[in-house]
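> For reference, the file target_10.pdb (PDB, C-alpha atoms and all ligand atoms) is included below:
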```pdb
ATOM      1  CA  MET A   1     194.692 139.963  97.434
ATOM      2  CA  LYS A   2     194.011 137.551 100.268
ATOM      3  CA  GLU A   3     193.465 134.017  99.066
ATOM      4  CA  THR A   4     190.128 132.346  99.700
ATOM      5  CA  VAL A   5     190.183 129.583 102.307
ATOM      6  CA  ILE A   6     187.432 126.975 102.102
ATOM      7  CA  ASP A   7     187.024 124.182 104.628
ATOM      8  CA  PHE A   8     185.408 121.447 102.545
ATOM      9  CA  HIS A   9     184.693 119.105 105.455
ATOM     10  CA  VAL A  10     182.799 120.271 108.541
ATOM     11  CA  HIS A  11     180.211 118.484 110.665
ATOM     12  CA  LEU A  12     177.592 120.022 112.906
ATOM     13  CA  ALA A  13     178.757 120.513 116.489
ATOM     14  CA  LYS A  14     175.586 118.976 117.834
ATOM     15  CA  TYR A  15     173.880 115.949 116.353
ATOM     16  CA  GLU A  16     170.318 114.759 116.864
ATOM     17  CA  SER A  17     171.775 111.558 118.301
ATOM     18  CA  TYR A  18     175.177 109.925 118.706
ATOM     19  CA  ALA A  19     176.345 106.346 118.543
ATOM     20  CA  VAL A  20     177.594 105.555 122.055
ATOM     21  CA  ASN A  21     181.196 104.789 121.130
ATOM     22  CA  CYS A  22     181.498 107.904 118.969
ATOM     23  CA  ASP A  23     180.088 110.187 121.646
ATOM     24  CA  GLY A  24     182.605 108.836 124.172
ATOM     25  CA  LEU A  25     185.535 109.383 121.802
ATOM     26  CA  LEU A  26     184.491 112.953 120.966
ATOM     27  CA  ALA A  27     183.951 113.848 124.621
ATOM     28  CA  GLY A  28     187.464 112.591 125.399
ATOM     29  CA  ALA A  29     188.923 115.764 123.871
ATOM     30  CA  TYR A  30     187.443 117.881 126.695
ATOM     31  CA  PRO A  31     188.405 117.922 130.385
ATOM     32  CA  THR A  32     184.849 117.318 131.533
ATOM     33  CA  ARG A  33     181.564 116.161 130.065
ATOM     34  CA  GLU A  34     180.076 119.563 130.947
ATOM     35  CA  GLU A  35     182.672 121.423 128.869
ATOM     36  CA  TYR A  36     182.056 119.068 125.970
ATOM     37  CA  ASN A  37     178.278 119.621 126.178
ATOM     38  CA  GLU A  38     178.853 123.369 126.459
ATOM     39  CA  PHE A  39     181.058 123.321 123.343
ATOM     40  CA  ARG A  40     178.439 121.426 121.350
ATOM     41  CA  LYS A  41     175.676 123.737 122.448
ATOM     42  CA  TYR A  42     177.629 126.936 121.789
ATOM     43  CA  TYR A  43     178.598 125.987 118.259
ATOM     44  CA  SER A  44     175.184 124.655 117.333
ATOM     45  CA  ASN A  45     174.439 128.359 116.910
ATOM     46  CA  PRO A  46     175.616 129.205 113.376
ATOM     47  CA  HIS A  47     176.554 132.765 114.374
ATOM     48  CA  ASN A  48     179.016 131.464 116.933
ATOM     49  CA  PHE A  49     180.426 129.126 114.329
ATOM     50  CA  LEU A  50     180.791 131.975 111.810
ATOM     51  CA  GLN A  51     182.745 133.894 114.421
ATOM     52  CA  LEU A  52     185.025 130.887 114.871
ATOM     53  CA  MET A  53     185.564 130.799 111.088
ATOM     54  CA  ASP A  54     186.594 134.465 111.224
ATOM     55  CA  GLU A  55     189.044 133.773 114.043
ATOM     56  CA  LYS A  56     190.575 130.841 112.163
ATOM     57  CA  GLY A  57     190.771 132.617 108.803
ATOM     58  CA  ILE A  58     188.175 130.521 106.974
ATOM     59  CA  ASP A  59     185.949 132.160 104.365
ATOM     60  CA  TYR A  60     183.532 129.312 103.612
ATOM     61  CA  SER A  61     182.677 125.995 105.264
ATOM     62  CA  VAL A  62     180.990 123.007 103.669
ATOM     63  CA  ILE A  63     178.570 121.643 106.282
ATOM     64  CA  LEU A  64     177.860 117.935 105.977
ATOM     65  CA  ALA A  65     174.716 116.076 106.986
ATOM     66  CA  GLU A  66     175.355 112.581 108.314
ATOM     67  CA  ILE A  67     172.785 109.806 108.764
ATOM     68  CA  THR A  68     174.907 106.939 110.026
ATOM     69  CA  PRO A  69     173.286 105.783 113.279
ATOM     70  CA  LEU A  70     175.385 102.618 113.669
ATOM     71  CA  THR A  71     178.765 104.340 113.702
ATOM     72  CA  THR A  72     178.709 108.062 114.443
ATOM     73  CA  GLY A  73     175.163 109.338 114.713
ATOM     74  CA  VAL A  74     172.564 111.437 112.997
ATOM     75  CA  SER A  75     172.592 115.050 111.863
ATOM     76  CA  THR A  76     169.735 115.371 109.435
ATOM     77  CA  ASN A  77     169.434 117.228 106.155
ATOM     78  CA  GLU A  78     166.867 119.488 107.836
ATOM     79  CA  MET A  79     169.341 120.410 110.595
ATOM     80  CA  VAL A  80     172.029 121.287 108.062
ATOM     81  CA  GLU A  81     169.578 123.237 105.913
ATOM     82  CA  THR A  82     168.486 125.339 108.889
ATOM     83  CA  PHE A  83     172.059 125.900 110.118
ATOM     84  CA  CYS A  84     173.260 127.107 106.711
ATOM     85  CA  GLN A  85     170.410 129.572 106.300
ATOM     86  CA  ALA A  86     172.371 131.887 108.613
ATOM     87  CA  SER A  87     174.915 132.846 105.941
ATOM     88  CA  PRO A  88     175.998 132.149 102.348
ATOM     89  CA  ARG A  89     179.415 131.339 103.850
ATOM     90  CA  LEU A  90     177.903 128.085 105.141
ATOM     91  CA  ILE A  91     177.488 125.669 102.241
ATOM     92  CA  PRO A  92     175.108 122.772 102.861
ATOM     93  CA  PHE A  93     175.766 119.206 101.652
ATOM     94  CA  CYS A  94     172.930 116.714 102.069
ATOM     95  CA  THR A  95     173.253 112.997 102.672
ATOM     96  CA  LEU A  96     171.279 109.886 101.831
ATOM     97  CA  ASN A  97     171.405 106.537 103.594
ATOM     98  CA  PRO A  98     170.646 103.706 101.153
ATOM     99  CA  TYR A  99     169.001 101.668 103.919
ATOM    100  CA  GLN A 100     166.621 104.457 104.884
ATOM    101  CA  HIS A 101     165.950 106.228 101.626
ATOM    102  CA  PRO A 102     164.330 104.449  98.708
ATOM    103  CA  ASN A 103     164.406 106.368  95.446
ATOM    104  CA  MET A 104     167.529 108.347  96.290
ATOM    105  CA  GLY A 105     167.680 110.061  92.913
ATOM    106  CA  ASN A 106     164.309 111.754  93.375
ATOM    107  CA  LEU A 107     165.185 112.768  96.926
ATOM    108  CA  LEU A 108     168.487 114.247  95.823
ATOM    109  CA  GLU A 109     166.809 116.260  93.114
ATOM    110  CA  ASP A 110     164.346 117.701  95.628
ATOM    111  CA  LEU A 111     167.111 118.510  98.162
ATOM    112  CA  ILE A 112     169.224 120.284  95.555
ATOM    113  CA  LEU A 113     166.484 122.125  93.700
ATOM    114  CA  HIS A 114     164.201 123.055  96.595
ATOM    115  CA  HIS A 115     166.290 123.047  99.770
ATOM    116  CA  GLY A 116     169.447 124.847  98.750
ATOM    117  CA  PHE A 117     171.918 121.962  99.026
ATOM    118  CA  LYS A 118     175.075 122.338  96.932
ATOM    119  CA  GLY A 119     176.448 118.818  97.087
ATOM    120  CA  LEU A 120     176.026 115.291  98.427
ATOM    121  CA  LYS A 121     178.022 113.389 101.054
ATOM    122  CA  LEU A 122     177.938 109.594 101.190
ATOM    123  CA  TYR A 123     179.433 107.340 103.880
ATOM    124  CA  PRO A 124     180.093 103.850 102.433
ATOM    125  CA  PRO A 125     182.069 102.488 105.451
ATOM    126  CA  TYR A 126     179.428 103.737 107.904
ATOM    127  CA  ASN A 127     176.395 102.645 105.892
ATOM    128  CA  TYR A 128     177.871  99.464 104.405
ATOM    129  CA  PHE A 129     177.767  99.717 100.622
ATOM    130  CA  TYR A 130     180.295  99.659  97.815
ATOM    131  CA  PRO A 131     180.424 102.962  95.940
ATOM    132  CA  ASN A 132     180.299 101.166  92.576
ATOM    133  CA  ASP A 133     177.204  99.103  93.407
ATOM    134  CA  SER A 134     174.721  99.451  90.564
ATOM    135  CA  PHE A 135     171.855 100.370  92.920
ATOM    136  CA  LEU A 136     173.554 103.756  93.307
ATOM    137  CA  TYR A 137     173.720 104.485  89.596
ATOM    138  CA  PRO A 138     170.317 106.217  89.319
ATOM    139  CA  LEU A 139     171.468 108.513  92.148
ATOM    140  CA  TYR A 140     174.753 109.269  90.396
ATOM    141  CA  ALA A 141     172.882 109.973  87.164
ATOM    142  CA  VAL A 142     170.927 112.711  88.961
ATOM    143  CA  ALA A 143     174.059 114.133  90.607
ATOM    144  CA  GLU A 144     175.821 114.241  87.247
ATOM    145  CA  ARG A 145     172.870 115.899  85.536
ATOM    146  CA  LEU A 146     172.568 118.535  88.276
ATOM    147  CA  GLY A 147     176.322 119.133  88.202
ATOM    148  CA  ILE A 148     176.830 118.788  91.966
ATOM    149  CA  PRO A 149     179.960 117.381  93.626
ATOM    150  CA  VAL A 150     179.658 114.083  95.511
ATOM    151  CA  GLN A 151     181.938 113.553  98.475
ATOM    152  CA  PHE A 152     182.594 110.075  99.906
ATOM    153  CA  HIS A 153     184.194 108.944 103.120
ATOM    154  CA  THR A 154     187.202 106.820 102.111
ATOM    155  CA  GLY A 155     189.795 104.949 104.131
ATOM    156  CA  SER A 156     189.867 104.190 107.802
ATOM    157  CA  SER A 157     187.734 105.327 110.701
ATOM    158  CA  ILE A 158     188.230 104.816 114.409
ATOM    159  CA  PHE A 159     184.534 104.715 115.164
ATOM    160  CA  ALA A 160     183.111 101.355 116.220
ATOM    161  CA  ASN A 161     181.056  99.459 113.625
ATOM    162  CA  SER A 162     182.640 101.135 110.616
ATOM    163  CA  ARG A 163     183.679  98.649 107.949
ATOM    164  CA  ILE A 164     186.743  99.855 106.169
ATOM    165  CA  LYS A 165     186.546  97.609 103.091
ATOM    166  CA  TYR A 166     183.810  99.900 101.733
ATOM    167  CA  GLY A 167     186.273 102.794 101.857
ATOM    168  CA  ASN A 168     188.712 101.396  99.302
ATOM    169  CA  PRO A 169     189.353 104.031  96.573
ATOM    170  CA  ILE A 170     189.571 101.360  93.866
ATOM    171  CA  TYR A 171     185.755 101.326  93.571
ATOM    172  CA  PHE A 172     185.784 104.898  92.256
ATOM    173  CA  ASP A 173     187.452 103.640  89.123
ATOM    174  CA  ASP A 174     184.083 102.257  87.957
ATOM    175  CA  VAL A 175     182.150 105.317  89.095
ATOM    176  CA  ALA A 176     184.562 107.745  87.439
ATOM    177  CA  VAL A 177     184.385 105.838  84.153
ATOM    178  CA  ASP A 178     180.593 105.526  84.167
ATOM    179  CA  PHE A 179     179.947 109.116  85.285
ATOM    180  CA  PRO A 180     182.745 111.141  83.711
ATOM    181  CA  ASP A 181     181.062 114.472  84.444
ATOM    182  CA  MET A 182     180.323 113.786  88.106
ATOM    183  CA  LYS A 183     182.898 115.319  90.436
ATOM    184  CA  ILE A 184     183.992 112.703  92.982
ATOM    185  CA  ILE A 185     185.734 113.831  96.151
ATOM    186  CA  MET A 186     187.462 111.146  98.197
ATOM    187  CA  ALA A 187     187.445 112.472 101.749
ATOM    188  CA  HIS A 188     190.547 111.478 103.745
ATOM    189  CA  GLY A 189     192.326 110.272 100.569
ATOM    190  CA  GLY A 190     191.988 106.548 101.351
ATOM    191  CA  ARG A 191     193.372 107.149 104.859
ATOM    192  CA  GLY A 192     195.435 104.310 106.270
ATOM    193  CA  PRO A 193     195.850 101.482 103.790
ATOM    194  CA  TRP A 194     195.202 103.282 100.505
ATOM    195  CA  TYR A 195     196.884 106.672 100.057
ATOM    196  CA  ASN A 196     198.641 105.424  96.970
ATOM    197  CA  LYS A 197     195.470 103.977  95.491
ATOM    198  CA  ALA A 198     193.657 107.268  96.079
ATOM    199  CA  LEU A 199     196.434 109.169  94.342
ATOM    200  CA  ASN A 200     196.196 106.690  91.468
ATOM    201  CA  MET A 201     192.506 107.440  91.028
ATOM    202  CA  VAL A 202     193.322 111.158  90.937
ATOM    203  CA  ARG A 203     196.021 110.556  88.330
ATOM    204  CA  LEU A 204     193.781 108.402  86.138
ATOM    205  CA  HIS A 205     190.511 110.299  86.271
ATOM    206  CA  GLN A 206     189.981 113.973  85.566
ATOM    207  CA  ASN A 207     186.829 113.983  87.744
ATOM    208  CA  VAL A 208     188.336 112.548  90.965
ATOM    209  CA  TYR A 209     189.636 114.692  93.852
ATOM    210  CA  ILE A 210     191.009 114.204  97.365
ATOM    211  CA  ASP A 211     190.000 116.165 100.453
ATOM    212  CA  VAL A 212     192.687 116.049 103.102
ATOM    213  CA  ALA A 213     190.413 116.279 106.153
ATOM    214  CA  GLY A 214     191.509 114.161 109.067
ATOM    215  CA  LEU A 215     195.079 113.740 107.744
ATOM    216  CA  PRO A 216     198.127 115.205 109.499
ATOM    217  CA  PRO A 217     198.863 118.364 107.450
ATOM    218  CA  LYS A 218     202.603 118.148 108.153
ATOM    219  CA  LYS A 219     202.771 114.715 106.551
ATOM    220  CA  LEU A 220     200.799 115.405 103.379
ATOM    221  CA  LEU A 221     203.842 115.322 101.115
ATOM    222  CA  GLU A 222     204.922 112.007 102.610
ATOM    223  CA  LEU A 223     201.470 110.542 102.068
ATOM    224  CA  PHE A 224     201.082 112.030  98.569
ATOM    225  CA  PRO A 225     204.519 112.617  97.046
ATOM    226  CA  ASP A 226     202.874 113.834  93.801
ATOM    227  CA  MET A 227     200.822 116.503  95.561
ATOM    228  CA  GLU A 228     202.443 119.442  93.769
ATOM    229  CA  ARG A 229     201.804 117.949  90.322
ATOM    230  CA  PHE A 230     198.198 117.241  91.183
ATOM    231  CA  ALA A 231     197.592 120.323  93.304
ATOM    232  CA  HIS A 232     194.527 121.097  91.181
ATOM    233  CA  LYS A 233     192.961 117.901  92.634
ATOM    234  CA  PHE A 234     193.591 118.360  96.374
ATOM    235  CA  ILE A 235     191.129 120.142  98.644
ATOM    236  CA  PHE A 236     191.577 121.486 102.146
ATOM    237  CA  GLY A 237     189.236 120.242 104.870
ATOM    238  CA  THR A 238     189.407 119.829 108.631
ATOM    239  CA  ASP A 239     186.697 117.356 109.722
ATOM    240  CA  TRP A 240     185.809 119.832 112.508
ATOM    241  CA  PRO A 241     184.762 119.204 115.271
ATOM    242  CA  THR A 242     186.266 115.713 115.188
ATOM    243  CA  PRO A 243     189.287 115.847 117.517
ATOM    244  CA  VAL A 244     192.794 114.722 116.694
ATOM    245  CA  PHE A 245     193.388 111.198 118.038
ATOM    246  CA  ASN A 246     196.629 109.683 119.146
ATOM    247  CA  ILE A 247     196.152 106.272 117.558
ATOM    248  CA  ILE A 248     198.388 104.520 120.130
ATOM    249  CA  ASN A 249     196.523 105.476 123.292
ATOM    250  CA  MET A 250     193.356 106.926 121.665
ATOM    251  CA  LYS A 251     193.754 110.162 123.596
ATOM    252  CA  ALA A 252     191.898 112.987 121.875
ATOM    253  CA  SER A 253     192.707 116.675 121.659
ATOM    254  CA  PRO A 254     190.613 119.434 120.029
ATOM    255  CA  MET A 255     191.500 120.175 116.421
ATOM    256  CA  ASP A 256     192.604 123.705 115.532
ATOM    257  CA  ALA A 257     191.782 124.677 111.935
ATOM    258  CA  GLN A 258     194.132 127.642 112.006
ATOM    259  CA  LYS A 259     197.084 125.413 112.898
ATOM    260  CA  ASN A 260     196.152 123.090 110.033
ATOM    261  CA  ILE A 261     196.149 126.004 107.597
ATOM    262  CA  GLU A 262     199.509 127.248 108.911
ATOM    263  CA  MET A 263     201.053 123.801 108.521
ATOM    264  CA  ILE A 264     199.807 123.529 104.944
ATOM    265  CA  ARG A 265     201.289 126.963 104.219
ATOM    266  CA  LYS A 266     204.656 125.643 105.427
ATOM    267  CA  LEU A 267     204.672 122.652 103.076
ATOM    268  CA  ASN A 268     207.353 122.647 100.436
ATOM    269  CA  ILE A 269     204.981 123.369  97.534
ATOM    270  CA  SER A 270     204.509 126.370  95.240
ATOM    271  CA  GLN A 271     202.311 129.331  96.143
ATOM    272  CA  GLU A 272     200.025 128.445  93.248
ATOM    273  CA  ALA A 273     199.592 124.882  94.544
ATOM    274  CA  MET A 274     198.827 126.217  98.025
ATOM    275  CA  THR A 275     196.195 128.641  96.721
ATOM    276  CA  ASN A 276     194.549 125.820  94.789
ATOM    277  CA  ILE A 277     194.488 123.443  97.752
ATOM    278  CA  LEU A 278     193.307 125.948 100.348
ATOM    279  CA  GLY A 279     190.386 127.291  98.378
ATOM    280  CA  GLU A 280     190.599 127.683  94.620
ATOM    281  CA  ASN A 281     189.758 124.054  93.750
ATOM    282  CA  ALA A 282     186.835 124.048  96.169
ATOM    283  CA  ARG A 283     185.636 127.383  94.845
ATOM    284  CA  GLN A 284     185.449 125.946  91.345
ATOM    285  CA  LEU A 285     183.786 122.727  92.468
ATOM    286  CA  LEU A 286     181.161 124.691  94.359
ATOM    287  CA  GLY A 287     180.674 127.229  91.578
ATOM    288  CA  LEU A 288     181.356 130.149  93.922
ATOM    289  CA  VAL A 289     182.069 133.471  92.232
TER     290      VAL A 289
HETATM  291 ZN    ZN B   1     184.102 113.813 108.508
END
```
Would it be possible to restate this file's structure as structure tokens?
Ligand SMILES: [Zn+2]

Amino acid sequence: MKETVIDFHVHLAKYESYAVNCDGLLAGAYPTREEYNEFRKYYSNPHNFLQLMDEKGIDYSVILAEITPLTTGVSTNEMVETFCQASPRLIPFCTLNPYQHPNMGNLLEDLILHHGFKGLKLYPPYNYFYPNDSFLYPLYAVAERLGIPVQFHTGSSIFANSRIKYGNPIYFDDVAVDFPDMKIIMAHGGRGPWYNKALNMVRLHQNVYIDVAGLPPKKLLELFPDMERFAHKFIFGTDWPTPVFNIINMKASPMDAQKNIEMIRKLNISQEAMTNILGENARQLLGLV
């Protein structure tokens, strides 16, 4: 039987608006501005994106809303909801921006119960808040009660105006203790300064996971030497369509999900661990049958 592959970290190809710096960096992966615009337009059609998933061997994609105007840009919950209506293979995650949305708990409940969202994505380093700040606790209480996973950006970002201190995995220690039944997914595994801290959170808390989006797949075992032992806590993701950046000269090249999957399949880990990372863990988190 073919194993299920789930990409737990995908953004819309076309946002409502982009922060200037981010737009420039993304466009850098394409030879011309026209080709970049063409790419964004083509894949803003969900049927074209589903075809791409078929070509790359991906069964399901988690599509993330993002309301972070200072750093990357805005793709609204409504845009993600509409996009994902094309197929059950597209799994919508909503977002809330603490500076724009009062009463986040009520909003989350409405988005989950009445708009088909299956999870929540939050962006502490882009929206400037600590994940363990008590003003978020009513929101977490709703997420825990509804049994939905909550994914957070952790670690570094190259986009201007992001503030990395808010991406430190240590703050999930509080959240994991106070909301033991809420599934916490640390996107990028504390990328940059905190791989070890992220792995520590995974070791300590049964409800904390890592999604490996935006990390070099070849290097995963260097970054997380305990990956095999905690393979039930690691989740595959690509961060599509964010390009791969050469951090020295900031040159960008388009990211190829299929290559990422192939590189993960070549890692020196067991078949069972691979199956868990590529799809099984995500399938359970999302309650897919
Ligand atoms: Zn992302």
> Run the PyMOL selection byres (((chain A and resi 214) around 6) and not hetatm) on the file and write out the hits as a list in words.
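That selection, the PyMOL selection byres (((chain A and resi 214) around 6) and not hetatm), comes back as Ala213, Leu215 and Asp239 of chain A.
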> Compile a residue-level contact table for stretch 131-165 of chain A against stretch 23-47 of chain A at a cut-off of 12 Å, reporting for every qualifying residue the shortest atom pair and its distance in Å to one decimal, with only C-alpha atoms counted, rows ordered by chain and ascending number, as CSV.

```
residue,atom,partner,partner_atom,distance
A:Ile158,CA,A:Leu25,CA,9.1
A:Phe159,CA,A:Leu25,CA,8.2
A:Ala160,CA,A:Leu25,CA,10.1
```
> What do you get, as a list of chain:residue names, if you spell out every residue that the PyMOL selection byres (((chain A and resi 113-123) around 6) and not hetatm) selects here?
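With the PyMOL selection byres (((chain A and resi 113-123) around 6) and not hetatm) on this model, the match is A:Pro92, A:Phe93, A:Cys94, A:Thr95, A:Glu109, A:Asp110, A:Leu111, A:Ile112, A:Pro124, A:Pro125, A:Tyr126, A:Asn127, A:Ile148, A:Pro149, A:Val150, A:Gln151, A:Phe152, A:His153.
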> Using the chain letters and numbers from the file, give me the residues hit by the PyMOL selection byres (((not hetatm)) within 7 of (chain B and resi 1)), as a ChimeraX atom specification.
/A:9-11,239
> Could those selected residues go to a file with C-alpha atoms, as a PDB file, keeping the file's coordinate frame?

```pdb
ATOM      1  CA  HIS A   9     184.693 119.105 105.455  1.00  0.00           C
ATOM      2  CA  VAL A  10     182.799 120.271 108.541  1.00  0.00           C
ATOM      3  CA  HIS A  11     180.211 118.484 110.665  1.00  0.00           C
ATOM      4  CA  ASP A 239     186.697 117.356 109.722  1.00  0.00           C
TER       5      ASP A 239
END
```
> Atom CA of A:Glu280 and atom CA of A:Met79 are how many Å apart?
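For atom CA of A:Glu280 relative to atom CA of A:Met79, the distance reads 27.6 Å.
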> Please compute the atom CA of A:Cys22-atom CA of A:Thr72 distance, one decimal, in Å.
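Atom CA of A:Thr72 lies at a distance of 5.3 Å from atom CA of A:Cys22.
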> Counting all atoms listed in the file, figure out which residue out of A:Gln258, A:Asn97, A:Val5, A:Val62 gets nearest to A:Asn276.
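Smallest separation from A:Asn276 among the options: A:Val5.
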> Considering all atoms listed in the file, state which residue in the set A:Pro169, A:Gly105, A:Gly147, A:Gly237 is at the smallest distance from A:Tyr130.
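Result for the nearest residue to A:Tyr130: A:Pro169.
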> Quick one: pull the distance between atom CA of A:Phe236 and atom CA of A:Lys197, Å, one decimal.
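Going from atom CA of A:Phe236 over to atom CA of A:Lys197, I get 19.1 Å.
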> Which stretch 186-267 of chain A residues have any atom within 12 Å of an atom of stretch 14-18 of chain A, and for each, what is the nearest pair of atoms with distance in Å to one decimal, counting only C-alpha atoms, rows sorted by chain and number, as JSON lines?

```
{"residue": "A:Trp240", "atom": "CA", "partner": "A:Lys14", "partner_atom": "CA", "distance": 11.6}
{"residue": "A:Pro241", "atom": "CA", "partner": "A:Lys14", "partner_atom": "CA", "distance": 9.5}
{"residue": "A:Thr242", "atom": "CA", "partner": "A:Lys14", "partner_atom": "CA", "distance": 11.5}
```
> Report as a VMD selection string all protein, DNA and RNA residues lying within 12 Å of A:Lys2, evaluated on all atoms listed in the file, omitting residues in the same chain fewer than 5 positions from it.
chain A and resid 57 to 59 275 278 to 280
> Counting all atoms listed in the file, which residue out of A:Pro102, A:Gly155, A:Gly167, A:Gly190 sits closest to A:Pro131?
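So, comparing all the options, the nearest one is A:Gly167.
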> Considering all atoms listed in the file, can you say which of A:Phe49, A:Tyr99, A:Tyr171, A:Tyr195 comes closest to A:Ser87?
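Among A:Phe49, A:Tyr99, A:Tyr171, A:Tyr195, it is A:Phe49 that comes nearest to A:Ser87.
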> Given the choices A:Val175, A:Pro225, A:Leu199, A:Phe8, which gets closest to A:Ala282 if the distance is worked out from only C-alpha atoms?
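Ranked by minimum distance to A:Ala282, first place goes to A:Phe8.
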